[in-house]
file upload_23.cif (mmCIF, C-alpha atoms, pLDDT in the B column; chains and numbers go by the auth columns)
data_structure
#
loop_
_atom_site.group_PDB
_atom_site.id
_atom_site.type_symbol
_atom_site.label_atom_id
_atom_site.label_comp_id
_atom_site.label_asym_id
_atom_site.label_seq_id
_atom_site.Cartn_x
_atom_site.Cartn_y
_atom_site.Cartn_z
_atom_site.B_iso_or_equiv
_atom_site.auth_seq_id
_atom_site.auth_asym_id
ATOM 1 C CA LYS A 1 10.649 -14.711 -11.132 81.00 175 A
ATOM 2 C CA LEU A 2 11.831 -14.765 -14.750 83.00 176 A
ATOM 3 C CA THR A 3 11.279 -12.267 -17.559 81.00 177 A
ATOM 4 C CA LEU A 4 10.065 -14.234 -20.586 82.00 178 A
ATOM 5 C CA ALA A 5 10.099 -11.356 -23.111 78.00 179 A
ATOM 6 C CA LYS A 6 10.396 -7.567 -23.341 75.00 180 A
ATOM 7 C CA ASP A 7 10.137 -4.943 -26.074 74.00 181 A
ATOM 8 C CA GLY A 8 12.591 -2.123 -26.655 68.00 182 A
ATOM 9 C CA GLY A 9 15.635 -1.136 -24.639 65.00 183 A
ATOM 10 C CA GLN A 10 14.033 1.282 -22.201 63.00 184 A
ATOM 11 C CA TYR A 11 13.679 -1.261 -19.389 64.00 185 A
ATOM 12 C CA ASP A 12 16.090 -3.891 -18.205 69.00 186 A
ATOM 13 C CA ASN A 13 15.034 -7.455 -17.464 77.00 187 A
ATOM 14 C CA ASN A 14 13.226 -7.914 -14.189 78.00 188 A
ATOM 15 C CA ASP A 15 14.491 -11.342 -13.170 87.00 189 A
ATOM 16 C CA LEU A 16 14.339 -11.810 -9.407 87.00 190 A
ATOM 17 C CA VAL A 17 15.286 -14.530 -6.934 93.00 191 A
ATOM 18 C CA SER A 18 14.050 -14.409 -3.329 94.00 192 A
ATOM 19 C CA VAL A 19 14.623 -16.581 -0.290 95.00 193 A
ATOM 20 C CA GLY A 20 13.067 -16.285 3.156 96.00 194 A
ATOM 21 C CA VAL A 21 13.112 -18.043 6.481 96.00 195 A
ATOM 22 C CA THR A 22 11.141 -17.883 9.724 95.00 196 A
ATOM 23 C CA ARG A 23 12.517 -19.235 12.976 95.00 197 A
ATOM 24 C CA GLN A 24 10.749 -19.482 16.321 94.00 198 A
ATOM 25 C CA LEU A 25 13.489 -18.480 18.751 94.00 199 A
ATOM 26 C CA THR A 26 11.359 -19.080 21.847 92.00 200 A
ATOM 27 C CA GLY A 27 7.725 -19.809 22.528 91.00 201 A
ATOM 28 C CA ARG A 28 6.930 -16.097 22.187 94.00 202 A
ATOM 29 C CA THR A 29 9.734 -14.709 20.012 96.00 203 A
ATOM 30 C CA ALA A 30 10.058 -15.188 16.247 96.00 204 A
ATOM 31 C CA LEU A 31 12.614 -14.002 13.688 96.00 205 A
ATOM 32 C CA THR A 32 11.757 -13.624 9.996 96.00 206 A
ATOM 33 C CA GLY A 33 14.244 -12.754 7.257 96.00 207 A
ATOM 34 C CA GLU A 34 14.084 -12.338 3.497 95.00 208 A
ATOM 35 C CA TYR A 35 16.657 -11.565 0.801 94.00 209 A
ATOM 36 C CA SER A 36 16.127 -10.899 -2.900 92.00 210 A
ATOM 37 C CA ALA A 37 18.467 -10.180 -5.799 89.00 211 A
ATOM 38 C CA GLY A 38 17.830 -9.433 -9.450 86.00 212 A
ATOM 39 C CA HIS A 39 18.571 -7.217 -12.433 81.00 213 A
ATOM 40 C CA ARG A 40 17.082 -4.149 -10.738 76.00 214 A
ATOM 41 C CA GLY A 41 18.896 -4.398 -7.423 80.00 215 A
ATOM 42 C CA GLU A 42 18.940 -6.214 -4.128 85.00 216 A
ATOM 43 C CA GLY A 43 16.723 -6.078 -1.080 90.00 217 A
ATOM 44 C CA ALA A 44 16.599 -7.535 2.399 93.00 218 A
ATOM 45 C CA SER A 45 14.327 -7.361 5.423 94.00 219 A
ATOM 46 C CA MET A 46 14.384 -8.773 8.931 96.00 220 A
ATOM 47 C CA THR A 47 11.615 -8.735 11.533 96.00 221 A
ATOM 48 C CA LEU A 48 11.866 -9.642 15.209 96.00 222 A
ATOM 49 C CA SER A 49 8.521 -10.001 16.997 96.00 223 A
ATOM 50 C CA HIS A 50 7.735 -10.866 20.595 96.00 224 A
ATOM 51 C CA ASP A 51 4.373 -11.725 22.142 94.00 225 A
ATOM 52 C CA VAL A 52 4.331 -10.042 25.534 95.00 226 A
ATOM 53 C CA ASN A 53 1.140 -11.959 26.250 93.00 227 A
ATOM 54 C CA ALA A 54 -1.881 -13.190 24.326 90.00 228 A
ATOM 55 C CA ASP A 55 -3.071 -9.626 23.645 93.00 229 A
ATOM 56 C CA HIS A 56 0.118 -7.580 23.136 95.00 230 A
ATOM 57 C CA THR A 57 2.882 -7.930 20.531 96.00 231 A
ATOM 58 C CA VAL A 58 5.967 -5.758 19.980 97.00 232 A
ATOM 59 C CA TYR A 59 8.082 -5.913 16.840 96.00 233 A
ATOM 60 C CA GLY A 60 10.955 -4.325 14.971 96.00 234 A
ATOM 61 C CA THR A 61 11.619 -4.475 11.237 95.00 235 A
ATOM 62 C CA MET A 62 14.765 -3.465 9.347 94.00 236 A
ATOM 63 C CA THR A 63 14.447 -3.121 5.563 92.00 237 A
ATOM 64 C CA HIS A 64 17.065 -2.442 2.912 89.00 238 A
ATOM 65 C CA SER A 65 15.816 -1.820 -0.625 80.00 239 A
ATOM 66 C CA THR A 66 17.101 -0.455 -3.930 65.00 240 A
ATOM 67 C CA ASP A 67 13.617 0.094 -5.385 59.00 241 A
ATOM 68 C CA ARG A 68 13.381 3.161 -7.590 52.00 242 A
ATOM 69 C CA THR A 69 10.910 4.688 -9.997 47.00 243 A
ATOM 70 C CA ASN A 70 13.161 6.569 -12.420 45.00 244 A
ATOM 71 C CA SER A 71 13.102 5.668 -16.114 40.00 245 A
ATOM 72 C CA PRO A 72 14.861 4.295 -18.045 37.00 246 A
ATOM 73 C CA LEU A 73 16.126 1.731 -15.569 35.00 247 A
ATOM 74 C CA SER A 74 18.759 0.481 -17.987 35.00 248 A
ATOM 75 C CA THR A 75 20.543 3.859 -18.281 38.00 249 A
ATOM 76 C CA ALA A 76 24.030 3.985 -16.867 37.00 250 A
ATOM 77 C CA PRO A 77 24.631 6.328 -13.902 39.00 251 A
ATOM 78 C CA GLY A 78 25.891 9.759 -14.862 39.00 252 A
ATOM 79 C CA ASP A 79 24.116 9.927 -18.211 38.00 253 A
ATOM 80 C CA ALA A 80 22.730 13.452 -17.814 39.00 254 A
ATOM 81 C CA ALA A 81 21.345 13.538 -21.351 37.00 255 A
ATOM 82 C CA SER A 82 18.779 10.889 -20.474 37.00 256 A
ATOM 83 C CA GLY A 83 17.546 12.727 -17.408 39.00 257 A
ATOM 84 C CA PHE A 84 18.972 10.001 -15.190 36.00 258 A
ATOM 85 C CA ASN A 85 19.142 10.975 -11.523 41.00 259 A
ATOM 86 C CA ALA A 86 22.001 9.092 -9.908 38.00 260 A
ATOM 87 C CA SER A 87 20.749 9.907 -6.414 39.00 261 A
ATOM 88 C CA ARG A 88 17.747 7.666 -7.018 40.00 262 A
ATOM 89 C CA LEU A 89 20.068 4.680 -7.119 43.00 263 A
ATOM 90 C CA LEU A 90 20.933 5.171 -3.458 50.00 264 A
ATOM 91 C CA PRO A 91 19.539 2.360 -1.343 58.00 265 A
ATOM 92 C CA GLY A 92 16.727 2.904 1.086 80.00 266 A
ATOM 93 C CA ASN A 93 16.994 1.812 4.696 88.00 267 A
ATOM 94 C CA THR A 94 13.974 1.722 6.999 90.00 268 A
ATOM 95 C CA LEU A 95 13.695 0.829 10.677 93.00 269 A
ATOM 96 C CA ALA A 96 10.185 0.365 12.070 94.00 270 A
ATOM 97 C CA ILE A 97 9.404 -0.253 15.744 96.00 271 A
ATOM 98 C CA GLY A 98 5.846 -0.808 16.871 96.00 272 A
ATOM 99 C CA HIS A 99 3.290 -2.759 18.836 95.00 273 A
ATOM 100 C CA ARG A 100 -0.159 -4.294 18.343 95.00 274 A
ATOM 101 C CA SER A 101 -2.617 -4.706 21.189 96.00 275 A
ATOM 102 C CA ARG A 102 -6.018 -6.369 21.462 94.00 276 A
ATOM 103 C CA ILE A 103 -8.110 -4.264 23.810 93.00 277 A
ATOM 104 C CA SER A 104 -11.216 -6.419 23.513 91.00 278 A
ATOM 105 C CA LYS A 105 -12.762 -8.965 21.193 90.00 279 A
ATOM 106 C CA GLN A 106 -13.869 -6.143 18.905 93.00 280 A
ATOM 107 C CA LEU A 107 -11.062 -3.550 19.242 95.00 281 A
ATOM 108 C CA ASP A 108 -7.398 -3.666 18.181 95.00 282 A
ATOM 109 C CA ILE A 109 -4.940 -0.753 18.296 96.00 283 A
ATOM 110 C CA PHE A 110 -1.442 -0.362 16.864 96.00 284 A
ATOM 111 C CA ASN A 111 1.351 2.184 16.983 96.00 285 A
ATOM 112 C CA GLU A 112 4.521 2.385 14.899 95.00 286 A
ATOM 113 C CA THR A 113 7.541 4.674 14.632 95.00 287 A
ATOM 114 C CA THR A 114 9.529 4.613 11.401 92.00 288 A
ATOM 115 C CA PHE A 115 13.028 5.908 10.664 91.00 289 A
ATOM 116 C CA ALA A 116 13.660 5.966 6.919 87.00 290 A
ATOM 117 C CA GLU A 117 16.495 7.018 4.624 82.00 291 A
ATOM 118 C CA VAL A 118 15.347 6.554 1.044 67.00 292 A
ATOM 119 C CA ARG A 119 17.449 7.840 -1.861 62.00 293 A
ATOM 120 C CA GLY A 120 18.889 10.689 0.185 63.00 294 A
ATOM 121 C CA PRO A 121 16.066 12.282 2.253 72.00 295 A
ATOM 122 C CA VAL A 122 15.706 11.149 5.870 83.00 296 A
ATOM 123 C CA SER A 123 12.283 10.914 7.512 87.00 297 A
ATOM 124 C CA LEU A 124 10.826 10.200 10.932 90.00 298 A
ATOM 125 C CA GLY A 125 7.221 9.035 11.027 92.00 299 A
ATOM 126 C CA HIS A 126 4.653 8.100 13.661 95.00 300 A
ATOM 127 C CA ILE A 127 1.537 6.045 12.949 94.00 301 A
ATOM 128 C CA PHE A 128 -1.381 5.299 15.246 96.00 302 A
ATOM 129 C CA GLY A 129 -4.439 3.306 14.296 96.00 303 A
ATOM 130 C CA LEU A 130 -7.318 1.244 15.532 96.00 304 A
ATOM 131 C CA ASN A 131 -9.626 -1.396 14.079 95.00 305 A
ATOM 132 C CA TRP A 132 -13.076 -2.239 15.416 96.00 306 A
ATOM 133 C CA SER A 133 -15.196 -5.171 14.282 94.00 307 A
ATOM 134 C CA SER A 134 -18.615 -6.400 15.335 91.00 308 A
ATOM 135 C CA GLU A 135 -20.051 -9.875 15.518 86.00 309 A
ATOM 136 C CA GLY A 136 -22.464 -8.860 12.738 87.00 310 A
ATOM 137 C CA GLY A 137 -19.634 -8.563 10.225 92.00 311 A
ATOM 138 C CA TYR A 138 -19.185 -4.767 10.313 95.00 312 A
ATOM 139 C CA SER A 139 -15.719 -3.228 10.692 96.00 313 A
ATOM 140 C CA VAL A 140 -14.360 0.304 11.112 96.00 314 A
ATOM 141 C CA GLY A 141 -10.752 1.488 11.057 96.00 315 A
ATOM 142 C CA MET A 142 -8.830 4.722 11.544 96.00 316 A
ATOM 143 C CA THR A 143 -5.176 5.632 11.041 96.00 317 A
ATOM 144 C CA ILE A 144 -3.263 8.861 11.713 96.00 318 A
ATOM 145 C CA GLN A 145 0.245 9.386 10.345 94.00 319 A
ATOM 146 C CA ARG A 146 2.679 12.237 11.056 93.00 320 A
ATOM 147 C CA SER A 147 6.094 12.416 9.382 90.00 321 A
ATOM 148 C CA ASP A 148 8.963 14.885 8.990 88.00 322 A
ATOM 149 C CA ILE A 149 11.008 14.498 5.800 83.00 323 A
ATOM 150 C CA ASN A 150 14.395 16.204 5.558 82.00 324 A
ATOM 151 C CA ALA A 151 14.469 17.120 1.860 74.00 325 A
ATOM 152 C CA GLU A 152 17.290 18.945 0.084 71.00 326 A
ATOM 153 C CA LEU A 153 15.731 22.389 0.592 70.00 327 A
ATOM 154 C CA GLY A 154 14.341 21.839 4.070 75.00 328 A
ATOM 155 C CA VAL A 155 11.830 19.886 6.113 83.00 329 A
ATOM 156 C CA VAL A 156 8.552 18.652 4.614 84.00 330 A
ATOM 157 C CA GLU A 157 5.801 17.965 7.139 89.00 331 A
ATOM 158 C CA ARG A 158 3.513 15.130 6.075 88.00 332 A
ATOM 159 C CA THR A 159 0.180 14.342 7.721 94.00 333 A
ATOM 160 C CA ALA A 160 -2.278 11.653 6.669 95.00 334 A
ATOM 161 C CA TRP A 161 -5.689 10.615 7.980 96.00 335 A
ATOM 162 C CA THR A 162 -7.366 7.390 6.929 97.00 336 A
ATOM 163 C CA VAL A 163 -10.813 6.014 7.707 97.00 337 A
ATOM 164 C CA SER A 164 -12.136 2.681 6.499 97.00 338 A
ATOM 165 C CA GLY A 165 -15.254 0.589 6.834 96.00 339 A
ATOM 166 C CA GLY A 166 -16.722 -2.616 5.575 96.00 340 A
ATOM 167 C CA HIS A 167 -19.168 -5.416 6.020 96.00 341 A
ATOM 168 C CA ARG A 168 -18.911 -9.118 5.304 94.00 342 A
ATOM 169 C CA SER A 169 -21.777 -11.577 5.221 93.00 343 A
ATOM 170 C CA SER A 170 -22.739 -14.745 3.391 91.00 344 A
ATOM 171 C CA ARG A 171 -24.086 -12.672 0.451 94.00 345 A
ATOM 172 C CA THR A 172 -22.076 -9.433 0.397 95.00 346 A
ATOM 173 C CA ASN A 173 -18.512 -8.235 0.883 96.00 347 A
ATOM 174 C CA TRP A 174 -18.055 -4.451 1.069 97.00 348 A
ATOM 175 C CA VAL A 175 -14.846 -2.511 1.753 97.00 349 A
ATOM 176 C CA SER A 176 -14.295 1.289 1.557 97.00 350 A
ATOM 177 C CA ARG A 177 -11.296 3.422 2.429 97.00 351 A
ATOM 178 C CA LEU A 178 -10.774 7.196 2.346 97.00 352 A
ATOM 179 C CA GLU A 179 -7.419 8.878 2.927 97.00 353 A
ATOM 180 C CA PHE A 180 -6.306 12.514 2.978 96.00 354 A
ATOM 181 C CA ARG A 181 -2.606 13.376 2.744 92.00 355 A
ATOM 182 C CA ASP A 182 -1.084 16.799 3.282 92.00 356 A
ATOM 183 C CA ASP A 183 2.563 17.730 2.583 88.00 357 A
ATOM 184 C CA LYS A 184 3.781 21.184 3.605 86.00 358 A
ATOM 185 C CA ALA A 185 7.314 22.499 3.152 82.00 359 A
ATOM 186 C CA ALA A 186 8.774 25.451 5.031 74.00 360 A
ATOM 187 C CA PHE A 187 10.562 26.587 1.856 71.00 361 A
ATOM 188 C CA GLY A 188 7.261 27.034 -0.015 65.00 362 A
ATOM 189 C CA THR A 189 7.813 24.802 -3.051 65.00 363 A
ATOM 190 C CA ASP A 190 5.683 21.927 -1.758 71.00 364 A
ATOM 191 C CA ASP A 191 2.099 22.335 -0.578 81.00 365 A
ATOM 192 C CA VAL A 192 0.516 19.106 -1.748 87.00 366 A
ATOM 193 C CA GLU A 193 -2.953 17.853 -0.856 91.00 367 A
ATOM 194 C CA GLN A 194 -4.091 14.417 -1.963 93.00 368 A
ATOM 195 C CA TRP A 195 -7.370 12.512 -1.626 95.00 369 A
ATOM 196 C CA VAL A 196 -7.442 8.758 -2.189 96.00 370 A
ATOM 197 C CA SER A 197 -10.510 6.510 -2.034 97.00 371 A
ATOM 198 C CA LEU A 198 -10.826 2.768 -2.643 97.00 372 A
ATOM 199 C CA ASN A 199 -14.228 1.062 -2.738 97.00 373 A
ATOM 200 C CA ARG A 200 -15.341 -2.476 -3.556 97.00 374 A
ATOM 201 C CA LEU A 201 -18.636 -4.326 -3.311 97.00 375 A
ATOM 202 C CA ASP A 202 -19.193 -7.981 -4.214 96.00 376 A
ATOM 203 C CA VAL A 203 -22.700 -9.426 -4.116 96.00 377 A
ATOM 204 C CA LYS A 204 -23.743 -13.063 -4.297 95.00 378 A
ATOM 205 C CA LEU A 205 -26.900 -12.913 -6.413 94.00 379 A
ATOM 206 C CA SER A 206 -27.381 -16.672 -6.356 93.00 380 A
ATOM 207 C CA GLU A 207 -25.324 -19.820 -6.056 90.00 381 A
ATOM 208 C CA SER A 208 -24.235 -19.372 -9.688 91.00 382 A
ATOM 209 C CA PHE A 209 -24.092 -15.568 -10.163 94.00 383 A
ATOM 210 C CA ARG A 210 -21.787 -12.974 -8.582 95.00 384 A
ATOM 211 C CA LEU A 211 -21.846 -9.211 -9.072 97.00 385 A
ATOM 212 C CA LEU A 212 -18.469 -7.459 -8.713 96.00 386 A
ATOM 213 C CA THR A 213 -18.121 -3.661 -8.473 97.00 387 A
ATOM 214 C CA ARG A 214 -15.326 -1.246 -7.599 97.00 388 A
ATOM 215 C CA LEU A 215 -14.629 2.489 -7.665 97.00 389 A
ATOM 216 C CA ASN A 216 -11.199 4.034 -7.057 97.00 390 A
ATOM 217 C CA TYR A 217 -10.492 7.765 -6.976 97.00 391 A
ATOM 218 C CA ALA A 218 -7.374 9.861 -6.405 96.00 392 A
ATOM 219 C CA GLU A 219 -6.702 13.574 -6.809 95.00 393 A
ATOM 220 C CA THR A 220 -3.487 15.470 -6.130 92.00 394 A
ATOM 221 C CA ASP A 221 -3.167 19.270 -5.955 90.00 395 A
ATOM 222 C CA ASN A 222 0.010 21.248 -5.351 84.00 396 A
ATOM 223 C CA ASN A 223 -0.956 24.767 -4.317 79.00 397 A
ATOM 224 C CA ALA A 224 2.616 25.986 -4.866 75.00 398 A
ATOM 225 C CA SER A 225 3.196 24.362 -8.260 74.00 399 A
ATOM 226 C CA GLN A 226 0.776 22.923 -10.817 72.00 400 A
ATOM 227 C CA LEU A 227 3.323 20.365 -12.037 73.00 401 A
ATOM 228 C CA ASP A 228 2.307 17.758 -9.450 75.00 402 A
ATOM 229 C CA ASN A 229 -1.444 17.930 -10.105 87.00 403 A
ATOM 230 C CA ALA A 230 -2.969 14.572 -11.030 91.00 404 A
ATOM 231 C CA LYS A 231 -6.319 12.796 -11.078 94.00 405 A
ATOM 232 C CA LEU A 232 -7.382 9.164 -11.339 95.00 406 A
ATOM 233 C CA VAL A 233 -10.871 7.687 -11.614 97.00 407 A
ATOM 234 C CA GLU A 234 -11.292 3.944 -12.101 97.00 408 A
ATOM 235 C CA GLY A 235 -14.662 2.252 -11.963 97.00 409 A
ATOM 236 C CA GLY A 236 -15.730 -1.222 -12.915 97.00 410 A
ATOM 237 C CA ILE A 237 -18.661 -3.594 -12.799 97.00 411 A
ATOM 238 C CA GLY A 238 -18.607 -7.283 -13.583 97.00 412 A
ATOM 239 C CA LEU A 239 -20.890 -10.274 -13.607 97.00 413 A
ATOM 240 C CA ALA A 240 -19.597 -13.796 -13.053 95.00 414 A
ATOM 241 C CA TYR A 241 -21.556 -16.940 -13.917 93.00 415 A
ATOM 242 C CA ARG A 242 -20.297 -20.209 -12.510 90.00 416 A
ATOM 243 C CA PRO A 243 -23.101 -22.776 -12.667 89.00 417 A
ATOM 244 C CA VAL A 244 -23.166 -25.092 -9.695 85.00 418 A
ATOM 245 C CA ALA A 245 -24.568 -27.999 -11.689 82.00 419 A
ATOM 246 C CA ASP A 246 -21.820 -27.890 -14.343 80.00 420 A
ATOM 247 C CA ASN A 247 -18.394 -26.596 -13.362 76.00 421 A
ATOM 248 C CA ARG A 248 -17.015 -26.986 -16.899 82.00 422 A
ATOM 249 C CA LEU A 249 -18.378 -23.538 -17.814 84.00 423 A
ATOM 250 C CA ASN A 250 -17.229 -20.220 -16.296 89.00 424 A
ATOM 251 C CA TRP A 251 -18.380 -16.951 -17.815 92.00 425 A
ATOM 252 C CA LEU A 252 -17.285 -13.446 -16.867 93.00 426 A
ATOM 253 C CA ALA A 253 -18.219 -10.055 -18.309 96.00 427 A
ATOM 254 C CA LYS A 254 -16.629 -6.840 -17.045 96.00 428 A
ATOM 255 C CA TYR A 255 -16.809 -3.160 -17.963 97.00 429 A
ATOM 256 C CA THR A 256 -14.082 -0.739 -16.796 96.00 430 A
ATOM 257 C CA TYR A 257 -13.955 3.049 -16.970 97.00 431 A
ATOM 258 C CA LEU A 258 -10.516 4.655 -16.550 96.00 432 A
ATOM 259 C CA TYR A 259 -9.575 8.345 -16.413 96.00 433 A
ATOM 260 C CA ASP A 260 -5.879 8.851 -15.663 93.00 434 A
ATOM 261 C CA LEU A 261 -4.395 12.345 -15.699 88.00 435 A
ATOM 262 C CA THR A 262 -0.782 11.989 -14.580 82.00 436 A
ATOM 263 C CA SER A 263 1.382 14.809 -13.263 74.00 437 A
#
call {"tool": "encode", "arguments": {"input": "upload_23.cif", "output": "structure tokens"}}
result
Amino acid sequence: KLTLAKDGGQYDNNDLVSVGVTRQLTGRTALTGEYSAGHRGEGASMTLSHDVNADHTVYGTMTHSTDRTNSPLSTAPGDAASGFNASRLLPGNTLAIGHRSRISKQLDIFNETTFAEVRGPVSLGHIFGLNWSSEGGYSVGMTIQRSDINAELGVVERTAWTVSGGHRSSRTNWVSRLEFRDDKAAFGTDDVEQWVSLNRLDVKLSESFRLLTRLNYAETDNNASQLDNAKLVEGGIGLAYRPVADNRLNWLAKYTYLYDLTS
């Protein structure tokens, strides 16, 4: 990936080179590795997976990343005047161990334990989920996540519940997801509740017309401090015309509504 142009000096170039390889060690065991390097740091990941049988798979993934969200990225470490936080340059290391099992033709379950050290704080997380699908194209999913994050002032307990549903047919494709996240800190400075919802519906009106709709919503409330409060509403509707008889013409009209109140 190559940065063709950029404006101003706030951000550094984002050139990136990645290389990956997958090797089948045995008939049931596979090893996958990837390494990337660029102006904004280096990253690497390695996954070892083993098929116990046709219905059960166990895996382990080790990830090293220097991703960070502080700005400006081009500021030198130690420049306190710019608000630069040197601790955010610390690499993140994550070890995930889990399994996936097919209980029946319609039901899959998965479980994962994650050990993470990202820019200082250390966390231990557990995830359990299931996915159910019917022969009629309907699907339902559920995920529960529980994590303990060792922050500078103490432990933050994070819990998240996710439910999802959808339906796919020859004329429609619908997907919805709702997630609730709750962060509670024993030291009282973090009591964050967050709702996130993603929804999309695509309808095939005819062989030449498609209707595309989506609605995304997110709201964050910190009962201990109002500084983290945020809200996002993004809705859109579009109509695509691709005539079957003449593929030289493609027409698309889209309307988007965006309300973004950042913290």
call {"tool": "closest_residue", "arguments": {"input": "upload_23.cif", "among": "A:Glu353, A:Glu331, A:Asp376, A:Asp395", "to": "A:Gly315", "atoms": "only C-alpha atoms"}}
result
A:Glu353
call {"tool": "resolve_selection", "arguments": {"input": "upload_23.cif", "expression": "the PyMOL selection byres ((chain A and resi 216) around 10)", "output": "JSON, numbers by chain"}}
result
{"A": [190, 191, 192, 209, 210, 211, 212, 213, 214, 215, 217, 218, 238, 239, 240, 241, 265]}
call {"tool": "resolve_selection", "arguments": {"input": "upload_23.cif", "expression": "the PyMOL selection byres ((chain A and resi 198) around 12)", "output": "list in words"}}
result
Val195, Thr196, Arg197, Leu199, Thr200, Gly201, Arg202, Thr203, Ala204, Leu205, Thr206, Gly207, Thr221, Leu222, Ser223, His224 and Asp225 of chain A
call {"tool": "residues_around", "arguments": {"input": "upload_23.cif", "residues": "A:Gly310", "least_positions_apart": "4", "cutoff": "9 Å", "atoms": "all atoms listed in the file", "output": "PDB file with C-alpha atoms, in the frame of the given file"}}
result
ATOM      1  CA  HIS A 341     -19.168  -5.416   6.020  1.00 96.00           C
ATOM      2  CA  ARG A 342     -18.911  -9.118   5.304  1.00 94.00           C
ATOM      3  CA  SER A 343     -21.777 -11.577   5.221  1.00 93.00           C
TER       4      SER A 343
END
call {"tool": "resolve_selection", "arguments": {"input": "upload_23.cif", "expression": "the PyMOL selection byres ((chain A and resi 274-283) around 12)", "output": "JSON, numbers by chain"}}
result
{"A": [223, 224, 225, 226, 227, 228, 229, 230, 231, 232, 233, 234, 271, 272, 273, 284, 285, 286, 301, 302, 303, 304, 305, 306, 307, 308, 309, 310, 311, 312, 313, 314, 315, 316, 317, 318]}
call {"tool": "closest_residue", "arguments": {"input": "upload_23.cif", "among": "A:Ser437, A:Ser380, A:Thr430, A:Ser344", "to": "A:Lys405", "atoms": "all atoms listed in the file"}}
result
A:Ser437
call {"tool": "atom_distance", "arguments": {"input": "upload_23.cif", "atom1": "atom CA of A:Ser219", "atom2": "atom CA of A:Asn267"}}
result
9.6 Å
call {"tool": "atom_distance", "arguments": {"input": "upload_23.cif", "atom1": "atom CA of A:Ala325", "atom2": "atom CA of A:Leu435"}}
result
26.2 Å
call {"tool": "atom_distance", "arguments": {"input": "upload_23.cif", "atom1": "atom CA of A:Thr436", "atom2": "atom CA of A:Gly266"}}
result
25.2 Å
call {"tool": "closest_residue", "arguments": {"input": "upload_23.cif", "among": "A:Ile323, A:Ala290, A:Leu389, A:Val366", "to": "A:Leu352", "atoms": "only C-alpha atoms"}}
result
A:Leu389
call {"tool": "closest_residue", "arguments": {"input": "upload_23.cif", "among": "A:Leu176, A:Leu385, A:Val296, A:Ala334", "to": "A:Gln368", "atoms": "all atoms listed in the file"}}
result
A:Ala334
call {"tool": "closest_residue", "arguments": {"input": "upload_23.cif", "among": "A:Ser350, A:Thr336, A:Gln400, A:Asn390", "to": "A:Asp364", "atoms": "only C-alpha atoms"}}
result
A:Gln400
